[in-house]
$ cat model-v7.cif   # mmCIF, C-alpha atoms
data_entry
#
loop_
_atom_site.label_atom_id
_atom_site.label_comp_id
_atom_site.auth_asym_id
_atom_site.auth_seq_id
_atom_site.Cartn_x
_atom_site.Cartn_y
_atom_site.Cartn_z
CA MET A 1164 -17.23 49.54 18.58
CA THR A 1165 -18.10 51.15 21.86
CA ARG A 1166 -16.34 50.32 25.09
CA LEU A 1167 -19.22 48.24 26.45
CA ARG A 1168 -19.52 46.25 23.23
CA GLU A 1169 -15.80 45.62 23.16
CA ALA A 1170 -16.00 44.43 26.75
CA LEU A 1171 -18.87 42.07 25.99
CA SER A 1172 -17.14 40.68 22.91
CA GLY A 1173 -14.03 39.90 24.89
CA LEU A 1174 -16.00 38.14 27.61
CA ALA A 1175 -18.47 36.24 25.46
CA GLU A 1176 -16.51 33.01 25.19
CA GLU A 1177 -15.82 32.64 28.90
CA ALA A 1178 -19.20 33.75 30.23
CA PRO A 1179 -22.39 31.66 30.54
CA LEU A 1180 -25.18 32.24 28.09
CA VAL A 1181 -26.65 35.57 28.93
CA SER A 1182 -28.25 37.64 26.22
CA LEU A 1183 -25.34 39.59 24.81
CA ALA A 1184 -27.63 41.66 22.63
CA ASP A 1185 -29.78 42.42 25.65
CA ALA A 1186 -26.77 43.30 27.74
CA ALA A 1187 -25.10 45.39 25.10
CA ILE A 1188 -28.15 47.29 23.96
CA ALA A 1189 -29.72 47.56 27.37
CA GLY A 1190 -28.79 49.83 30.10
CA HIS A 1191 -26.21 52.00 28.46
CA ARG A 1192 -27.57 53.08 25.04
CA ARG A 1193 -23.96 52.74 23.98
CA ARG A 1194 -23.96 53.92 20.47
CA ARG A 1195 -24.07 51.56 17.52
CA ARG A 1196 -22.71 52.15 14.05
CA VAL A 1197 -26.03 52.41 12.29
CA THR A 1198 -27.40 54.11 9.27
CA MET A 1199 -30.20 56.60 9.55
CA ALA A 1200 -32.48 53.98 8.06
CA ALA A 1201 -31.68 51.48 10.76
CA THR A 1202 -32.37 54.07 13.41
CA THR A 1203 -36.04 53.94 12.47
CA PHE A 1204 -36.30 50.38 13.67
CA ALA A 1205 -33.52 50.14 16.26
CA THR A 1206 -34.30 50.06 19.96
CA VAL A 1207 -32.58 52.76 21.92
CA ALA A 1208 -30.44 51.27 24.61
CA ALA A 1209 -31.14 51.94 28.17
CA LEU A 1210 -34.64 53.18 28.21
CA VAL A 1211 -34.45 53.69 31.90
CA ALA A 1212 -36.89 55.58 33.99
CA SER A 1213 -35.42 58.45 35.90
CA ALA A 1214 -36.41 61.15 38.31
CA ALA A 1215 -34.94 62.84 41.33
CA VAL A 1216 -35.12 60.81 44.52
CA ALA A 1217 -37.25 63.41 46.25
CA THR A 1218 -39.39 64.44 43.31
CA VAL A 1219 -40.20 61.26 41.42
CA ALA A 1220 -43.48 61.59 39.54
CA TRP A 1221 -44.08 58.31 37.72
CA PRO A 1222 -47.17 58.16 35.54
CA ARG A 1223 -49.79 55.51 36.17
CA GLY A 1224 -50.23 52.92 33.45
CA ALA A 1225 -48.68 53.22 30.01
CA TYR A 1226 -47.15 56.17 28.24
CA PRO A 1227 -49.05 57.28 25.13
CA ALA A 1228 -48.67 54.86 22.23
CA ALA A 1229 -48.21 57.66 19.72
CA PRO A 1230 -47.38 61.36 19.92
CA GLN A 1231 -49.55 64.13 18.62
CA SER A 1232 -49.36 64.80 14.90
CA ALA A 1233 -46.88 67.45 13.79
CA ASP A 1234 -49.53 70.05 13.01
CA THR A 1235 -50.88 69.98 16.57
CA VAL A 1236 -47.54 70.12 18.42
CA ALA A 1237 -46.35 73.60 19.36
CA ASP A 1238 -42.71 74.64 19.59
CA LEU A 1239 -41.19 74.69 23.06
CA PRO A 1240 -41.94 78.24 24.22
CA ASP A 1241 -39.66 80.57 26.11
CA GLY A 1242 -40.17 80.76 29.84
CA LYS A 1243 -41.62 78.25 32.27
CA VAL A 1244 -43.21 75.06 30.98
CA GLY A 1245 -42.68 72.70 33.92
CA ALA A 1246 -40.49 69.64 34.51
CA LEU A 1247 -40.18 67.00 31.81
CA GLU A 1248 -41.30 63.39 31.96
CA TYR A 1249 -39.33 62.27 28.89
CA GLY A 1250 -38.17 63.24 25.41
CA TYR A 1251 -38.19 61.39 22.11
CA LYS A 1252 -37.04 61.64 18.53
CA THR A 1253 -39.68 61.33 15.83
CA PRO A 1254 -39.05 58.65 13.18
CA CYS A 1255 -38.06 59.04 9.57
CA ASP A 1256 -40.80 58.90 6.96
CA VAL A 1257 -41.35 55.33 5.83
CA SER A 1258 -43.19 54.08 2.75
CA ASP A 1259 -45.89 51.41 2.73
CA ASP A 1260 -43.26 48.76 1.94
CA LEU A 1261 -41.19 49.88 4.97
CA GLN A 1262 -38.55 51.71 2.96
CA VAL A 1263 -37.13 54.82 4.60
CA THR A 1264 -37.99 57.80 2.40
CA ASP A 1265 -36.93 60.88 4.37
CA CYS A 1266 -35.06 61.34 7.64
CA ARG A 1267 -34.95 65.12 7.36
CA VAL A 1268 -38.36 65.18 9.03
CA GLN A 1269 -36.92 63.89 12.30
CA GLU A 1270 -37.03 66.22 15.28
CA TRP A 1271 -36.71 66.16 19.03
CA ARG A 1272 -39.84 66.52 21.17
CA VAL A 1273 -40.33 66.65 24.93
CA VAL A 1274 -43.31 65.82 27.13
CA THR A 1275 -43.93 67.59 30.42
CA ARG A 1276 -45.20 65.91 33.55
CA ALA A 1277 -48.49 67.66 32.89
CA GLY A 1278 -48.70 65.73 29.61
CA THR A 1279 -48.03 68.54 27.12
CA THR A 1280 -45.86 67.73 24.11
CA TYR A 1281 -43.56 70.31 22.54
CA ARG A 1282 -41.31 70.32 19.49
CA VAL A 1283 -37.70 71.37 20.10
CA PRO A 1284 -36.62 72.61 16.67
CA GLN A 1285 -33.49 74.29 18.04
CA ALA A 1286 -32.10 70.93 19.17
CA LEU A 1287 -29.95 69.34 16.48
CA VAL A 1288 -31.02 65.80 15.58
CA ALA A 1289 -28.24 64.80 13.19
CA THR A 1290 -25.21 66.46 11.68
CA ARG A 1291 -24.70 66.98 7.96
CA LYS A 1292 -22.36 63.98 8.01
CA GLY A 1293 -24.81 61.71 9.81
CA GLY A 1294 -23.61 62.13 13.39
CA TYR A 1295 -26.27 61.56 16.03
CA SER A 1296 -27.00 64.53 18.32
CA PRO A 1297 -28.89 63.54 21.49
CA ILE A 1298 -30.74 65.57 24.07
CA ALA A 1299 -30.34 65.00 27.81
CA ILE A 1300 -32.70 65.55 30.73
CA SER A 1301 -31.66 65.99 34.36
CA ARG A 1302 -32.73 63.56 37.06
CA ASP A 1303 -35.52 65.81 38.31
CA GLY A 1304 -36.74 66.69 34.82
CA ARG A 1305 -35.96 70.41 35.22
CA MET A 1306 -32.97 70.71 32.90
CA LEU A 1307 -32.98 70.07 29.17
CA ALA A 1308 -29.64 70.02 27.35
CA TYR A 1309 -29.07 69.90 23.60
CA TYR A 1310 -26.66 70.99 20.89
CA SER A 1311 -27.58 74.13 19.00
CA ARG A 1312 -26.36 74.46 15.42
CA GLU A 1313 -26.92 78.21 15.59
CA ALA A 1314 -24.87 78.67 18.76
CA GLN A 1315 -22.28 76.00 17.86
CA ALA A 1316 -22.48 74.97 21.50
CA HIS A 1317 -24.61 73.10 24.00
CA VAL A 1318 -27.59 74.86 25.51
CA VAL A 1319 -29.16 74.08 28.89
CA ARG A 1320 -32.69 75.24 29.66
CA ASP A 1321 -34.25 75.26 33.13
CA LEU A 1322 -37.86 74.52 32.25
CA THR A 1323 -39.15 75.41 35.70
CA THR A 1324 -37.69 78.94 35.77
CA GLY A 1325 -37.28 79.70 32.08
CA ALA A 1326 -33.54 80.38 32.43
CA VAL A 1327 -31.38 79.55 29.40
CA SER A 1328 -27.60 79.00 29.51
CA THR A 1329 -25.50 78.66 26.37
CA SER A 1330 -22.14 77.03 26.92
CA LEU A 1331 -19.13 79.27 26.43
CA PHE A 1332 -17.25 76.23 25.14
CA LYS A 1333 -17.78 75.95 21.40
CA VAL A 1334 -18.19 72.57 19.68
CA LYS A 1335 -17.97 72.25 15.92
CA GLU A 1336 -20.86 70.33 14.44
CA GLU A 1337 -18.53 67.88 12.70
CA GLN A 1338 -17.15 66.84 16.10
CA ILE A 1339 -20.49 65.14 16.83
CA GLN A 1340 -20.22 61.64 15.43
CA ILE A 1341 -22.04 58.32 15.41
CA GLY A 1342 -21.46 57.19 18.96
CA THR A 1343 -21.81 60.52 20.76
CA GLN A 1344 -23.02 60.88 24.35
CA LEU A 1345 -24.60 63.67 26.38
CA VAL A 1346 -25.50 64.02 30.07
CA VAL A 1347 -26.51 67.05 32.13
CA SER A 1348 -26.11 67.70 35.85
CA ASP A 1349 -29.06 68.38 38.15
CA ASP A 1350 -28.21 72.07 38.49
CA GLY A 1351 -27.62 72.45 34.75
CA ARG A 1352 -24.13 73.80 35.23
CA TYR A 1353 -22.24 70.83 33.82
CA VAL A 1354 -22.62 68.91 30.60
CA GLY A 1355 -20.84 65.65 29.91
CA PHE A 1356 -20.12 65.43 26.18
CA ASP A 1357 -18.34 62.56 24.46
CA PRO A 1358 -18.01 63.10 20.68
CA ARG A 1359 -17.54 59.38 20.05
CA VAL A 1360 -17.60 56.91 22.90
CA GLY A 1361 -14.59 54.61 22.71
CA SER A 1362 -12.41 56.95 20.66
CA LYS A 1363 -8.89 57.63 21.92
CA LYS A 1364 -8.63 60.65 19.65
CA ASP A 1365 -11.91 62.38 20.50
CA THR A 1366 -12.19 61.92 24.25
CA GLY A 1367 -15.10 62.99 26.40
CA LEU A 1368 -15.29 66.28 28.27
CA LEU A 1369 -17.00 67.65 31.33
CA ILE A 1370 -18.00 71.17 30.32
CA ASP A 1371 -18.72 73.97 32.78
CA VAL A 1372 -21.50 75.74 30.91
CA ARG A 1373 -21.05 78.98 32.84
CA THR A 1374 -17.31 79.40 32.41
CA GLY A 1375 -16.52 77.29 29.35
CA LYS A 1376 -13.82 75.41 31.25
CA THR A 1377 -13.46 71.71 30.47
CA VAL A 1378 -12.11 68.63 32.22
CA ARG A 1379 -11.07 65.67 30.11
CA VAL A 1380 -12.70 62.29 30.69
CA PRO A 1381 -10.06 59.53 30.33
CA ASP A 1382 -10.65 57.72 27.04
CA LYS A 1383 -11.35 54.31 28.62
CA PHE A 1384 -14.14 55.71 30.80
CA GLU A 1385 -17.63 56.91 30.04
CA VAL A 1386 -19.93 59.13 32.08
CA ILE A 1387 -22.87 57.47 33.85
CA SER A 1388 -24.22 60.51 35.68
CA ILE A 1389 -23.30 63.93 37.08
CA LYS A 1390 -24.72 64.97 40.43
CA GLY A 1391 -23.58 66.75 43.54
CA GLY A 1392 -20.43 68.02 41.83
CA VAL A 1393 -19.26 64.49 41.02
CA ALA A 1394 -19.18 62.65 37.70
CA GLU A 1395 -19.61 58.89 37.87
CA LEU A 1396 -17.30 57.24 35.32
CA VAL A 1397 -17.16 53.56 34.41
CA ARG A 1398 -14.51 51.51 32.66
CA TYR A 1399 -15.53 48.06 31.47
CA VAL A 1400 -13.80 44.62 31.35
CA LYS A 1401 -11.43 45.28 34.26
CA THR A 1402 -14.36 47.07 35.78
CA ASP A 1403 -13.39 50.36 37.39
CA LEU A 1404 -15.60 53.04 38.89
CA TRP A 1405 -14.31 56.58 39.23
CA LEU A 1406 -16.22 59.16 41.26
CA MET A 1407 -14.43 62.12 39.76
CA PRO A 1408 -15.09 65.68 40.94
CA VAL A 1409 -16.30 67.85 38.07
CA THR A 1410 -13.11 69.87 38.49
CA GLY A 1411 -10.99 66.72 38.08
CA GLY A 1412 -9.04 64.55 40.49
CA GLY A 1413 -9.67 61.47 42.53
CA LYS A 1414 -8.88 57.96 41.36
CA PRO A 1415 -10.79 54.88 40.22
CA VAL A 1416 -11.73 51.87 42.29
CA ARG A 1417 -11.32 48.36 40.87
CA PHE A 1418 -14.09 45.77 41.37
CA ASP A 1419 -13.38 42.05 41.70
CA GLY A 1420 -15.48 40.90 38.79
CA THR A 1421 -17.01 42.14 35.56
CA PHE A 1422 -20.08 44.33 35.88
CA ILE A 1423 -22.38 46.13 33.46
CA LEU A 1424 -25.56 48.25 33.66
CA PHE A 1425 -24.50 50.59 36.46
CA SER A 1426 -26.82 52.73 38.54
CA GLU A 1427 -26.01 56.21 39.67
CA LEU A 1428 -24.49 56.59 43.13
CA ALA A 1429 -27.00 55.60 45.82
CA PRO A 1430 -28.45 58.11 48.31
CA ASP A 1431 -26.06 56.72 50.94
CA GLY A 1432 -23.22 58.32 48.95
CA ARG A 1433 -21.22 55.10 49.01
CA THR A 1434 -22.79 52.28 47.00
CA VAL A 1435 -23.90 51.57 43.45
CA VAL A 1436 -25.70 48.61 41.94
CA ALA A 1437 -24.82 46.84 38.72
CA ARG A 1438 -25.36 43.56 36.96
CA ASP A 1439 -22.71 40.87 37.16
CA PHE A 1440 -21.99 39.89 33.57
CA LYS A 1441 -21.82 36.20 34.52
CA ASP A 1442 -25.25 36.09 36.17
CA LYS A 1443 -27.70 34.07 34.09
CA ASN A 1444 -30.77 35.24 35.99
CA PRO A 1445 -31.84 38.82 36.66
CA ALA A 1446 -29.97 39.97 39.73
CA LEU A 1447 -28.32 43.10 41.07
CA THR A 1448 -24.99 43.33 42.83
CA VAL A 1449 -24.53 46.04 45.44
CA LEU A 1450 -20.99 47.41 45.22
CA ASP A 1451 -19.02 49.62 47.57
CA ALA A 1452 -17.87 52.51 45.38
CA LYS A 1453 -15.21 53.52 47.91
CA THR A 1454 -13.43 50.19 48.36
CA GLY A 1455 -14.58 48.01 45.44
CA ARG A 1456 -16.01 45.43 47.84
CA ILE A 1457 -19.05 43.37 46.83
CA VAL A 1458 -21.64 44.13 49.51
CA ARG A 1459 -24.25 41.56 48.44
CA LYS A 1460 -26.08 40.02 45.51
CA VAL A 1461 -29.81 40.54 45.20
CA PRO A 1462 -31.87 38.18 42.98
CA ILE A 1463 -34.81 40.12 41.52
CA ARG A 1464 -38.29 38.78 42.20
CA GLY A 1465 -41.41 39.69 40.27
CA LEU A 1466 -40.10 40.53 36.80
CA PRO A 1467 -41.83 39.22 33.67
CA LYS A 1468 -39.92 37.12 31.17
CA GLY A 1469 -37.47 39.10 29.12
CA GLY A 1470 -34.81 39.97 31.63
CA LEU A 1471 -33.04 43.04 32.89
CA ARG A 1472 -32.26 45.73 30.32
CA GLY A 1473 -31.06 48.66 32.34
CA VAL A 1474 -30.40 50.13 35.77
CA SER A 1475 -30.96 53.79 36.51
CA VAL A 1476 -31.66 56.26 39.30
CA TRP A 1477 -32.83 55.68 42.86
CA GLN A 1478 -36.55 55.83 43.60
CA SER A 1479 -35.78 55.94 47.32
CA PRO A 1480 -32.85 55.00 49.58
CA SER A 1481 -33.92 51.34 49.34
CA GLU A 1482 -35.23 51.11 45.76
CA VAL A 1483 -33.43 51.47 42.44
CA VAL A 1484 -35.21 51.88 39.11
CA ILE A 1485 -34.61 49.23 36.44
CA LEU A 1486 -35.97 48.58 32.98
CA SER A 1487 -37.30 45.13 32.21
CA ASP A 1488 -37.44 43.90 28.63
CA GLY A 1489 -40.18 41.77 27.17
CA LYS A 1490 -43.26 42.15 25.02
CA GLN A 1491 -43.75 45.54 26.61
CA PRO A 1492 -40.74 47.20 28.24
CA SER A 1493 -41.58 48.38 31.73
CA THR A 1494 -39.89 50.22 34.55
CA TYR A 1495 -39.73 48.68 38.02
CA ALA A 1496 -38.52 49.81 41.42
CA VAL A 1497 -36.41 47.03 42.95
CA ASN A 1498 -35.84 46.80 46.70
CA ILE A 1499 -32.12 46.19 47.12
CA GLU A 1500 -32.67 44.45 50.45
CA THR A 1501 -35.39 41.98 49.42
CA GLY A 1502 -35.11 41.93 45.62
CA LYS A 1503 -38.85 42.52 45.27
CA ALA A 1504 -39.79 44.44 42.12
CA ARG A 1505 -42.87 46.62 41.74
CA ARG A 1506 -43.96 47.97 38.39
CA LEU A 1507 -43.88 51.71 37.83
CA ALA A 1508 -44.89 52.21 34.20
CA ASN A 1509 -45.13 50.55 30.81
CA PHE A 1510 -43.74 51.89 27.55
CA ALA A 1511 -46.19 51.60 24.69
CA GLY A 1512 -44.87 50.57 21.29
CA GLY A 1513 -45.16 53.93 19.57
CA LEU A 1514 -42.58 55.50 21.88
CA ARG A 1515 -40.33 52.53 22.42
CA ASN A 1516 -37.67 53.81 20.05
CA ASN A 1517 -35.52 56.90 20.31
CA GLN A 1518 -36.68 57.84 23.78
CA VAL A 1519 -34.74 59.82 26.39
CA LEU A 1520 -35.67 59.66 30.05
CA PRO A 1521 -34.27 61.76 32.90
CA GLY A 1522 -31.11 61.02 34.77
CA LYS A 1523 -28.95 58.91 32.47
CA ALA A 1524 -26.44 59.66 29.76
CA ALA A 1525 -28.15 59.82 26.38
CA GLY A 1526 -26.64 58.91 23.06
CA LYS A 1527 -26.23 56.39 20.29
#

$ encode --input "model-v7.cif" --output "structure tokens"
Amino acid sequence: MTRLREALSGLAEEAPLVSLADAAIAGHRRRRRVTMAATTFATVAALVASAAVATVAWPRGAYPAAPQSADTVADLPDGKVGALEYGYKTPCDVSDDLQVTDCRVQEWRVVTRAGTTYRVPQALVATRKGGYSPIAISRDGRMLAYYSREAQAHVVRDLTTGAVSTSLFKVKEEQIQIGTQLVVSDDGRYVGFDPRVGSKKDTGLLIDVRTGKTVRVPDKFEVISIKGGVAELVRYVKTDLWLMPVTGGGKPVRFDGTFILFSELAPDGRTVVARDFKDKNPALTVLDAKTGRIVRKVPIRGLPKGGLRGVSVWQSPSEVVILSDGKQPSTYAVNIETGKARRLANFAGGLRNNQVLPGKAAGK
């Protein structure tokens, strides 16, 4: 069980009827114990739209329903290719009667903002023992991070300059397990790697790619984002938020309540938004990350039926990006003063699963 799932299980009896599956799967893609077969049909948690506050480039309308066939997709070339819009993992081969026949065909692909799709064969998809190996994309789409079997380390590529950095900190492939997590900072210098979220034995690390130095993430916390030299860590149940410098230090702040689906730190440098676990209706709570004070609650207006699945990056100082569930998952920008939601993009069915969008920790 992951930390978020454990938190939700412990709260289920005392909380009103909110969708526990929605809450657990949504927002945090907190890894499930699944077989490779189940991965074909499972919905990746927290499909949240992300982009840097100053360089958001949301597409109009829906994302493509299906990627290009394998024989028309080129490998990610060396050099400059431009910022990424999203990444996704191709499915296993499935027979006519929906039986999984081969998961060795799975691979990571990325799509640039210009709409070009590339294969990323150097990015490990799964370990020999079935561990899930995610990719991560920075908030502005420039940085792509992945685990390289050849290098036995994480690699970060700046797709706008062509620069490639291979971490000096080595990670054995068998350390990557079901329940791993990966996040990359905006400048590509730091990678947050958790071999198995929720494990007291295999705790998460903040890795300085340039020097190979690491800082341990306390086992009860998980990384939400890394930006501006600060890692945002969350502990569930007795909900704590820790804005920890990437070099370590600082201390957590305790909130009066139980919150899930956290955003990154707001542009004001002081607040975050999250969902109160006990709220029946879609609403956001603005929280003071310095003091733990509840600033205000903001009911969301203008969402379709299906509810709130995830909270992500900031579209502007007054709008945070959320993912709404339903017949067709969509991203919305929600005004944290008025609660008004405006649609940004839809996610067509063919890419609903196994998708990675910029700015949030990726994993399963």

$ residues_near_point --input "model-v7.cif" --point "(-25.6, 43.1, 45.5)" --cutoff "9 Å" --atoms "only C-alpha atoms" --output "number ranges by chain"
A: 1435-1438, 1446-1450, 1457-1462, 1499-1500

$ closest_residue --input "model-v7.cif" --among "A:Val1274, A:Val1393, A:Leu1428, A:Leu1406" --to "Lys1252 (chain A)" --atoms "only C-alpha atoms"
A:Val1274

$ resolve_selection --input "model-v7.cif" --expression "the PyMOL selection byres ((chain A and resi 1505) around 8)" --output "short mmCIF file (atom, residue, chain, number, x, y, z; two decimals) with C-alpha atoms, in the frame of the given file"
data_model
loop_
_atom_site.label_atom_id
_atom_site.label_comp_id
_atom_site.auth_asym_id
_atom_site.auth_seq_id
_atom_site.Cartn_x
_atom_site.Cartn_y
_atom_site.Cartn_z
CA GLY A 1465 -41.41 39.69 40.27
CA TYR A 1495 -39.73 48.68 38.02
CA ALA A 1496 -38.52 49.81 41.42
CA VAL A 1497 -36.41 47.03 42.95
CA LYS A 1503 -38.85 42.52 45.27
CA ALA A 1504 -39.79 44.44 42.12
CA ARG A 1506 -43.96 47.97 38.39
CA LEU A 1507 -43.88 51.71 37.83
#

$ residues_near_point --input "model-v7.cif" --point "(-21.0, 60.7, 14.9)" --cutoff "7 Å" --atoms "only C-alpha atoms" --output "list in words"
Gly1293, Gly1294, Tyr1295, Ile1339, Gln1340, Ile1341, Gly1342, Thr1343, Pro1358 and Arg1359 of chain A

$ residues_around --input "model-v7.cif" --residues "region 1396-1403 of chain A" --least-positions-apart "5" --cutoff "7 Å" --atoms "all atoms listed in the file" --output "JSON, numbers by chain"
{"A": [1166, 1167, 1170, 1383, 1384, 1385, 1386, 1387, 1415, 1416, 1417, 1418, 1420, 1421, 1422]}

$ write_last_selection --input "model-v7.cif" --atoms "C-alpha atoms" --output "PDB file, in the coordinates of the input"
ATOM      1  CA  ARG A1166     -16.340  50.320  25.090  1.00  0.00           C
ATOM      2  CA  LEU A1167     -19.220  48.240  26.450  1.00  0.00           C
ATOM      3  CA  ALA A1170     -16.000  44.430  26.750  1.00  0.00           C
ATOM      4  CA  LYS A1383     -11.350  54.310  28.620  1.00  0.00           C
ATOM      5  CA  PHE A1384     -14.140  55.710  30.800  1.00  0.00           C
ATOM      6  CA  GLU A1385     -17.630  56.910  30.040  1.00  0.00           C
ATOM      7  CA  VAL A1386     -19.930  59.130  32.080  1.00  0.00           C
ATOM      8  CA  ILE A1387     -22.870  57.470  33.850  1.00  0.00           C
ATOM      9  CA  PRO A1415     -10.790  54.880  40.220  1.00  0.00           C
ATOM     10  CA  VAL A1416     -11.730  51.870  42.290  1.00  0.00           C
ATOM     11  CA  ARG A1417     -11.320  48.360  40.870  1.00  0.00           C
ATOM     12  CA  PHE A1418     -14.090  45.770  41.370  1.00  0.00           C
ATOM     13  CA  GLY A1420     -15.480  40.900  38.790  1.00  0.00           C
ATOM     14  CA  THR A1421     -17.010  42.140  35.560  1.00  0.00           C
ATOM     15  CA  PHE A1422     -20.080  44.330  35.880  1.00  0.00           C
TER      16      PHE A1422
END

$ resolve_selection --input "model-v7.cif" --expression "the PyMOL selection byres ((chain A and resi 1374) around 8)" --output "VMD selection string"
chain A and resid 1330 to 1332 1371 to 1373 1375 to 1376
